[in-house]
Every structure is written in structure tokens, then in C-alpha cells.
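Student: Okay, here's the structure, questions in a sec.
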Amino acid sequence: MRVTVRLFARLREIAGAETIAHDVPDGSSLADVWTSLSSTWPALAAFDRTVSGAINAEYARMSREVREGDDVAFLPPVSGG
Amino acid sequence: MRVTVRLFARLREIAGAETIAHDVPDGSSLADVWTSLSSTWPALAAFDRTVSGAINAEYARMSREVREGDDVAFLPPVSGG
Amino acid sequence: MAPRFAVSQEALDPHQVSASIADAEGSRQPRGAMMTFSGVVRGTNQRHQVLRLEYEGYEPMILKVFEQIGAEIEQAWPGTACAMHHRLGTLRIGEISIVIATGSAHRAAAYAASRYAIERVKQIAPIWKHEYFEGGDVWIEGAVAAADDEAAKKRAMEAACA
Amino acid sequence: MAPRFAVSQEALDPHQVSASIADAEGSRQPRGAMMTFSGVVRGTNQRHQVLRLEYEGYEPMILKVFEQIGAEIEQAWPGTACAMHHRLGTLRIGEISIVIATGSAHRAAAYAASRYAIERVKQIAPIWKHEYFEGGDVWIEGAVAAADDEAAKKRAMEAACA
């Protein structure tokens with residue numbers, strides 16, 4: 001199935017793209033999507049412990065399953081304000 | 001000697017004046033001035049425990065001596081803000 | 001530019017108060033955290049329907065007290081500036097009675113100083129509020145004022161959570 | 001009237017943010033205490049001479065997070081409103097990156113809610129600051145974000161001294 005992946009800040013720079021159409025096996029979790037991205041862009045692994053995930057613009061645990069067509073986002077540590 | 005006395009809020013209303021030229025004996029303290037005013041306007045005595053004094057627009061203890069020409073003020077409990 | 005400390009019979013402008021301390025003294029370095037507190041006349045107080053407030057004040061002494069509070073803030077939070085404007089006269093519901101602006105490199109000091117300032121104003125500024133409501137009026141009597149009351153300063157510091 | 005929660009590429013106006021919550025919902029009753037916090041870009045950060053900041057954000061998620069923070073505030077301090085506008089894009093020294101306005105019947109809640117709001121924004125708003133200084137640039141990486149992290153909420157509440 002296909003999800004849309006959004007990357008921000010350093011993650012976006014590492015991947016060289018802010019939005020990626022990404023194919024993952026059915027039943028994949030957010031963590032699985034992240035691991036799959038890391039295999040394409042190994043530098044992402046530096047964020048394994050600090051990345052946060054979101055599905056359809058809401059925070060979601062990395063164990064959450066993604067669904068076809070989901071808008072998935074990975075967020076490095078935030079620094080707004 | 002003569003001092004100028006300023007009264008505010010309820011004190012002003014009781015005395016019916018905001019500024020009073022007041023004669024007091026040499027060596028009078030702020031407390032003495034207050035007592036002297038209270039003898040003219042007995043209703044001021046309700047503020048004996050809560051009145052604050054100022055000399056020349058600065059807070060002063062009631063024991064402070066006043067001097068000829070001083071600008072003396074008596075302040076009921078404040079409620080700014 | 002507006003003065004840092006002022007008393008006015010006219011409507012207060014929070015932006016002007018804040019602008020008076022936007023840059024650190026003697027530099028063009030902006031402060032990183034700016035706070036503005038505005039006290040606004042409410043239409044109800046306990047059970048009363050308030051019609052208007054009349055604020056009376058001892059103007060030259062208010063300015064001295066504001067300067068003192070500003071100095072206390074500079075001592076407690078070095079580099080943190082404070083500006084205060086208080087309205088006097090007749091105020092209608094919704095009008096601003098006081099604006100306190102604080103500015104600091106860091107937000108913790110800006111917040112604490114702002115809260116400290118309003119507590120100190122309520123403790124020692126020679127200002128009196130006369131409330132007119134439907135069916136009567138009352139002088140609000142708040143704090144017994146004393147400039148050098150260390151217990152009062154301590155209470156203000158505690159309210160500021162500093 | 002400006003929306004309570006917004007993201008903008010344009011200069012922020014503290015007055016507009018504050019005006020969006022000046023009256024209690026569904027009434028013409030003004031709030032008695034209004035606070036405005038503005039975060040301003042400083043020219044120096046540690047030893048760097050900052051040239052500019054570039055803020056990047058995930059806009060629809062920022063708005064949801066702002067709504068969540070507003071709901072947390074309403075729950076912790078009933079009747080206390082919060083409005084937040086965040087700037088994105090290129091910011092020069094002295095420009096405002098965020099405005100948080102809070103309003104309540106009483107000042108204690110307005111102060112606490114304002115401080116809580118900025119702490120929560122720094123914890124969970126999906127916004128990233130890219131600092132450009134003389135000789136280089138750096139992404140500022142702050143908090144590891146999680147919307148339902150109770151320990152983070154508790155820290156924000158403690159910073160708010162509530």
C-alpha cells in the first residue's frame with residue numbers, strides 16, 4: 001500500500017524531499033515506515049531515538065499501524081516559539 | 001509651622017478638601033499631624049490603623065518628623081491596578 | 001517614544017508601553033521575551049453590575065513608586081526592564097486601567113517580573129478605585145501601603161513564583 | 001477579527017492576537033486580565049552573531065496542536081482563553097516569532113496559562129528553527145515531541161507555577 005510521507009527540517013534535508021509517496025507492506029506500523037526510509041537514507045538513523053510520528057496531522061505512537069492513503073509525518077525534535 | 005496636607009479617596013471626602021494648609025507645633029511627627037487632623041474630622045479615626053503617610057511624595061513612617069513647608073500626604077489603603 | 005512610567009487620563013495603548021522598553025538600554029539589541037499585562041474594567045464585581053470606575057491617584061508619588069518597582073525588578077532580574085502606565089479618572093467597562101510591559105532576554109524573567117510588578121502596584125501605588133454600581137458606590141480599600149515592607153515584597157516575589 | 005490560532009508568513013501583530021479573545025465567549029463581558037507574550041528574534045545566541053532565522057512548520061498540525069493547548073488551558077483554568085499566532089519563513093533580528101495572548105477574569109490564571117502555553121508550544125508544536133549566523137547555520141533541535149506525554153505537561157504546569 002502507499003502512504004504519503006512528510007519530512008521536516010533536518011529529515012527533509014537528508015532525504016532531499018519534503019513529501020514522498022512511499023510503498024510499504026500492509027500492516028506496517030509508523031516504526032516500520034521509518035525503518036524503511038532509513039534503509040534508503042541511512043543518515044536518518046541518527047534520529048531513531050528522537051523522531052516523533054504523526055498520522056494525518058496528529059501525533060501517533062510509532063507502534064500505530066498506518067493505512068492506505070495515510071498522510072504520515074516524521075518530526076525531528078521541535079524548536080518553535 | 002505650616003505644612004501642606006494632601007488627603008485622598010475616603011480621607012479627602014471626610015475632610016471635604018484635597019489640600020489643606022495646616023499649622024502644627026515644631027517637632028511634630030506625621031502621627032502628630034494625623035492626630036491633629038482627626039481632632040478636626042473625627043471620622044478620620046476609622047483609618048488610624050490603616051493610614052499610610054508620605055512626605056514630599058515618598059513614603060515615610062508615621063514617627064518621622066515633619067518640617068516647615070513639607071508636602072505631607074495621608075493615604076488610605078490603596079487599590080490601584 | 002512613550003515614557004516608561006506614566007499616569008494618564010487618556011486611553012492606554014499597550015503597544016506604546018511595550019515599545020518603550022523594546023530594545024535593551026544603550027543598544028539596538030532586541031529583548032527576546034516581551035510581556036504585556038493589561039488590567040481591564042469588568043462589568044460585574046461579585047454581585048454588582050458595575051457602571052464605571054473612578055480612579056484617583058497621587059501622581060508625582062505614583063511615578064516615584066513605579067520607578068522604585070522598576071529598580072526592584074532590575075535588582076531581582078538583572079537586564080529585565082519594566083514599563084508601567086496607569087489610567088486615572090473615569091473608566092468604563094472594557095477600558096484598560098493599567099498596562100505593565102516587561103522585557104528580558106529570557107521568558108522566565110519576563111513573566112516573573114511582570115507578575116511581581118502588578119503585585120507591587122497593588123501593594124504600594126498611591127491609587128484608589130471608586131466603584132459605581134447600580135444602586136450605590138464604594139471605595140475599594142486594598143492594601144495598607146508601605147514602601148519598605150519586606151514581607152510585602154516577599155509576597156510579591158512568591159506570587160511571581162521566583 | 002483575527003483567528004485565535006494561526007500560522008503566518010507575515011509580521012505578527014500582538015494587538016490582533018489579543019483582540020481575538022478580548023471578550024468572554026458569547027458575551028460582551030470583557031476579561032479582567034489580558035496577557036500578551038511575544039517571542040522576539042535576538043541578535044546574539046551564545047557566541048553567534050545571528051543573521052536571520054528560518055522557521056519551518058507543519059501547518060495543519062500546528063493548528064491542531066494549538067487547539068489542543070487551548071483545550072488543556074480551558075480545562076486547567078476554566079474560563080481562561082488563549083490565542084496563538086506563530087510566524088514561519090524568514091525572520092530578521094527584532095521580528096516577532098510567536099504571540100501568545102491569554103485572558104481571564106483573574107490575573108493569576110492569565111499569567112499561568114500564558115506561561116503554560118509557551119512551554120507547551122516549545123514541547124509539541126511541529127515547528128523547527130534554522131539559525132543562520134556569521135560563518136554557518138544550525139538546526140535548533142529542542143524537545144522530543146509527544147502530544148500525550150504527561151511528564152511534559154507536568155513540567156509545563158510547574159513552569160507556570162500552577
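Chain labels follow the order of the C-alpha cells: the first chain is A, the next B, and so on; residue numbering restarts at 1 in every chain, and ligands are counted from 1 in their shown order.
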Apply DSSP to the backbone of this structure and, from chain A, keep only the residues in helix (DSSP H, G or I); write these as a list in words.

Tutor: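 Written out, the helix (DSSP H, G or I) residues of chain A are Ala9, Arg10, Leu11, Arg12, Glu13, Ile14, Ala15, Leu30, Ala31, Asp32, Val33, Trp34, Thr35, Ser36, Leu37, Ser38, Ser39, Thr40, Pro42, Ala43, Leu44, Ala45, Ala46 and Phe47 of chain A.
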
Student: Which parts of chain D does DSSP call strand (DSSP E) when run on the backbone here, written out as a ChimeraX atom specification?

Tutor: /D:5-8,33-40,44-45,48-57,81-87,89-91,96-104,127-133,136-140

Student: Near chain A, which residues of chain D fall within 9 Å when you count only C-alpha atoms, and what do they look like as a ChimeraX atom specification?

Tutor: /D:39,55-62,64-65,86,97-99,118-119,121-130,139-148

Student: Mind dumping the selected residues with C-alpha atoms as an mmCIF file, in the first residue's frame?

Tutor:
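That gives us selection-v5.cif:
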data_model
loop_
_atom_site.group_PDB
_atom_site.id
_atom_site.type_symbol
_atom_site.label_atom_id
_atom_site.label_comp_id
_atom_site.auth_asym_id
_atom_site.auth_seq_id
_atom_site.Cartn_x
_atom_site.Cartn_y
_atom_site.Cartn_z
ATOM 1 C CA GLY D 39 8.953 35.980 21.369
ATOM 2 C CA TYR D 55 11.160 28.797 10.696
ATOM 3 C CA GLU D 56 9.683 25.705 9.098
ATOM 4 C CA GLY D 57 6.417 24.153 10.250
ATOM 5 C CA TYR D 58 3.756 21.575 9.512
ATOM 6 C CA GLU D 59 0.883 23.987 9.256
ATOM 7 C CA PRO D 60 -2.297 21.894 9.629
ATOM 8 C CA MET D 61 -0.710 20.046 12.534
ATOM 9 C CA ILE D 62 0.410 23.292 14.203
ATOM 10 C CA LYS D 64 -4.378 21.185 15.759
ATOM 11 C CA VAL D 65 -1.662 21.387 18.405
ATOM 12 C CA HIS D 86 3.265 31.686 15.012
ATOM 13 C CA SER D 97 8.214 34.724 16.021
ATOM 14 C CA ILE D 98 5.260 33.976 18.278
ATOM 15 C CA VAL D 99 2.479 35.821 20.053
ATOM 16 C CA ILE D 118 4.650 28.837 25.633
ATOM 17 C CA GLU D 119 6.127 25.806 27.396
ATOM 18 C CA VAL D 121 4.416 25.169 22.224
ATOM 19 C CA LYS D 122 8.106 24.513 22.744
ATOM 20 C CA GLN D 123 7.336 20.916 23.692
ATOM 21 C CA ILE D 124 4.916 19.870 20.974
ATOM 22 C CA ALA D 125 4.312 22.390 18.187
ATOM 23 C CA PRO D 126 5.708 20.924 14.927
ATOM 24 C CA ILE D 127 7.937 23.898 14.188
ATOM 25 C CA TRP D 128 11.689 23.981 13.538
ATOM 26 C CA LYS D 129 14.091 26.864 13.800
ATOM 27 C CA HIS D 130 17.035 27.094 11.438
ATOM 28 C CA TRP D 139 19.006 23.500 13.000
ATOM 29 C CA ILE D 140 17.898 24.052 16.572
ATOM 30 C CA GLU D 141 16.695 20.764 17.985
ATOM 31 C CA GLY D 142 14.695 21.211 21.142
ATOM 32 C CA ALA D 143 12.105 18.882 22.589
ATOM 33 C CA VAL D 144 11.293 15.342 21.516
ATOM 34 C CA ALA D 145 7.618 15.826 20.797
ATOM 35 C CA ALA D 146 4.720 13.688 22.027
ATOM 36 C CA ALA D 147 1.218 15.063 22.411
ATOM 37 C CA ASP D 148 0.165 12.841 25.299
#

Student: Extract, using only C-alpha atoms, all DNA, RNA and protein residues at most 6 Å from region 31-38 of chain D, discarding same-chain residues fewer than 4 positions from it, and format them as a PDB file with N, CA and C atoms, in the first residue's frame.

Tutor:
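Output saved as result.pdb:
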ATOM      1  N   ALA C  33      12.102  38.235  24.979  1.00  0.00           N
ATOM      2  CA  ALA C  33      10.775  37.923  25.515  1.00  0.00           C
ATOM      3  C   ALA C  33      10.132  39.200  26.014  1.00  0.00           C
ATOM      4  N   MET C  34       8.986  39.521  25.436  1.00  0.00           N
ATOM      5  CA  MET C  34       8.261  40.732  25.825  1.00  0.00           C
ATOM      6  C   MET C  34       6.883  40.312  26.340  1.00  0.00           C
ATOM      7  N   MET C  35       6.522  40.815  27.506  1.00  0.00           N
ATOM      8  CA  MET C  35       5.214  40.528  28.092  1.00  0.00           C
ATOM      9  C   MET C  35       4.438  41.827  28.221  1.00  0.00           C
ATOM     10  N   THR C  36       3.156  41.762  27.977  1.00  0.00           N
ATOM     11  CA  THR C  36       2.301  42.910  28.268  1.00  0.00           C
ATOM     12  C   THR C  36       1.109  42.434  29.079  1.00  0.00           C
ATOM     13  N   PHE C  37       0.940  43.020  30.234  1.00  0.00           N
ATOM     14  CA  PHE C  37      -0.239  42.747  31.057  1.00  0.00           C
ATOM     15  C   PHE C  37      -1.154  43.960  30.994  1.00  0.00           C
ATOM     16  N   SER C  38      -2.442  43.723  30.735  1.00  0.00           N
ATOM     17  CA  SER C  38      -3.425  44.807  30.788  1.00  0.00           C
ATOM     18  C   SER C  38      -4.523  44.444  31.775  1.00  0.00           C
ATOM     19  N   GLY C  39      -4.797  45.358  32.675  1.00  0.00           N
ATOM     20  CA  GLY C  39      -5.936  45.204  33.570  1.00  0.00           C
ATOM     21  C   GLY C  39      -7.133  45.908  32.943  1.00  0.00           C
ATOM     22  N   VAL C  40      -8.243  45.200  32.850  1.00  0.00           N
ATOM     23  CA  VAL C  40      -9.412  45.706  32.125  1.00  0.00           C
ATOM     24  C   VAL C  40     -10.599  45.802  33.094  1.00  0.00           C
ATOM     25  N   ARG C  42     -13.991  45.253  34.465  1.00  0.00           N
ATOM     26  CA  ARG C  42     -15.015  44.237  34.250  1.00  0.00           C
ATOM     27  C   ARG C  42     -16.396  44.798  34.587  1.00  0.00           C
TER      28      ARG C  42
ATOM     29  N   ASP D  23     -13.172  39.466  24.568  1.00  0.00           N
ATOM     30  CA  ASP D  23     -14.455  39.273  25.247  1.00  0.00           C
ATOM     31  C   ASP D  23     -14.670  37.792  25.527  1.00  0.00           C
ATOM     32  N   ILE D  98       6.500  34.513  17.719  1.00  0.00           N
ATOM     33  CA  ILE D  98       5.260  33.976  18.278  1.00  0.00           C
ATOM     34  C   ILE D  98       4.591  35.010  19.170  1.00  0.00           C
ATOM     35  N   VAL D  99       3.267  35.019  19.114  1.00  0.00           N
ATOM     36  CA  VAL D  99       2.479  35.821  20.053  1.00  0.00           C
ATOM     37  C   VAL D  99       1.491  34.888  20.735  1.00  0.00           C
ATOM     38  N   ILE D 100       1.486  34.926  22.049  1.00  0.00           N
ATOM     39  CA  ILE D 100       0.511  34.174  22.835  1.00  0.00           C
ATOM     40  C   ILE D 100      -0.284  35.177  23.655  1.00  0.00           C
ATOM     41  N   ALA D 101      -1.590  35.196  23.449  1.00  0.00           N
ATOM     42  CA  ALA D 101      -2.447  36.061  24.263  1.00  0.00           C
ATOM     43  C   ALA D 101      -3.304  35.175  25.153  1.00  0.00           C
ATOM     44  N   THR D 102      -3.421  35.561  26.416  1.00  0.00           N
ATOM     45  CA  THR D 102      -4.352  34.871  27.305  1.00  0.00           C
ATOM     46  C   THR D 102      -5.229  35.910  27.981  1.00  0.00           C
ATOM     47  N   GLY D 103      -6.425  35.467  28.336  1.00  0.00           N
ATOM     48  CA  GLY D 103      -7.341  36.377  29.001  1.00  0.00           C
ATOM     49  C   GLY D 103      -8.185  35.615  29.991  1.00  0.00           C
ATOM     50  N   SER D 104      -8.381  36.241  31.154  1.00  0.00           N
ATOM     51  CA  SER D 104      -9.145  35.586  32.209  1.00  0.00           C
ATOM     52  C   SER D 104      -9.783  36.652  33.084  1.00  0.00           C
ATOM     53  N   ALA D 105     -10.735  36.219  33.893  1.00  0.00           N
ATOM     54  CA  ALA D 105     -11.305  37.172  34.846  1.00  0.00           C
ATOM     55  C   ALA D 105     -10.254  37.596  35.866  1.00  0.00           C
ATOM     56  N   HIS D 106      -9.291  36.720  36.126  1.00  0.00           N
ATOM     57  CA  HIS D 106      -8.332  36.999  37.193  1.00  0.00           C
ATOM     58  C   HIS D 106      -6.897  36.833  36.710  1.00  0.00           C
ATOM     59  N   ARG D 107      -6.018  37.649  37.249  1.00  0.00           N
ATOM     60  CA  ARG D 107      -4.667  37.703  36.703  1.00  0.00           C
ATOM     61  C   ARG D 107      -3.878  36.424  36.937  1.00  0.00           C
TER      62      ARG D 107
END

Student: Show which residues sit within 12 Å of Ser38 (chain B), as a list in words. Count only C-alpha atoms, and ignore same-chain residues fewer than 2 positions away.

Tutor: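 My list of contacting residues is Leu11, Ile14, Ala15, Ala31, Asp32, Val33, Trp34, Thr35, Ser36, Thr40, Trp41, Pro42, Ala43, Leu44, Ala45, Ala46, Phe47, Asp48, Val51 and Phe74 of chain B.
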
Student: Which residue gives the smallest distance to Tyr116 (chain D) among D:Arg87, D:Arg92, D:Phe133, D:Glu74, with only C-alpha atoms counted?

Tutor: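 Looking only at the distances to Tyr116 (chain D), the closest residue turns out to be D:Glu74.
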
Student: One decimal, in Å: what's the spacing between CA of Arg4 (chain C) and CA of Ala159 (chain C)?

Tutor: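 Between CA of Arg4 (chain C) and CA of Ala159 (chain C) the gap is 23.3 Å.
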
Student: Could you check the closest approach to Glu10 (chain C) for each of C:Ala109, C:Gly89, C:Glu150, C:Arg155 and tell me which residue wins, using only C-alpha atoms?

Tutor: C:Gly89

Student: Determine, counting only C-alpha atoms, which protein, DNA and RNA residues have an atom within 9 Å of an atom of Arg67 (chain B); residues of the same chain fewer than 3 positions away are not included. Present the result as an MDAnalysis selection string.

Tutor: chainID B and resid 1:3 26:29 70
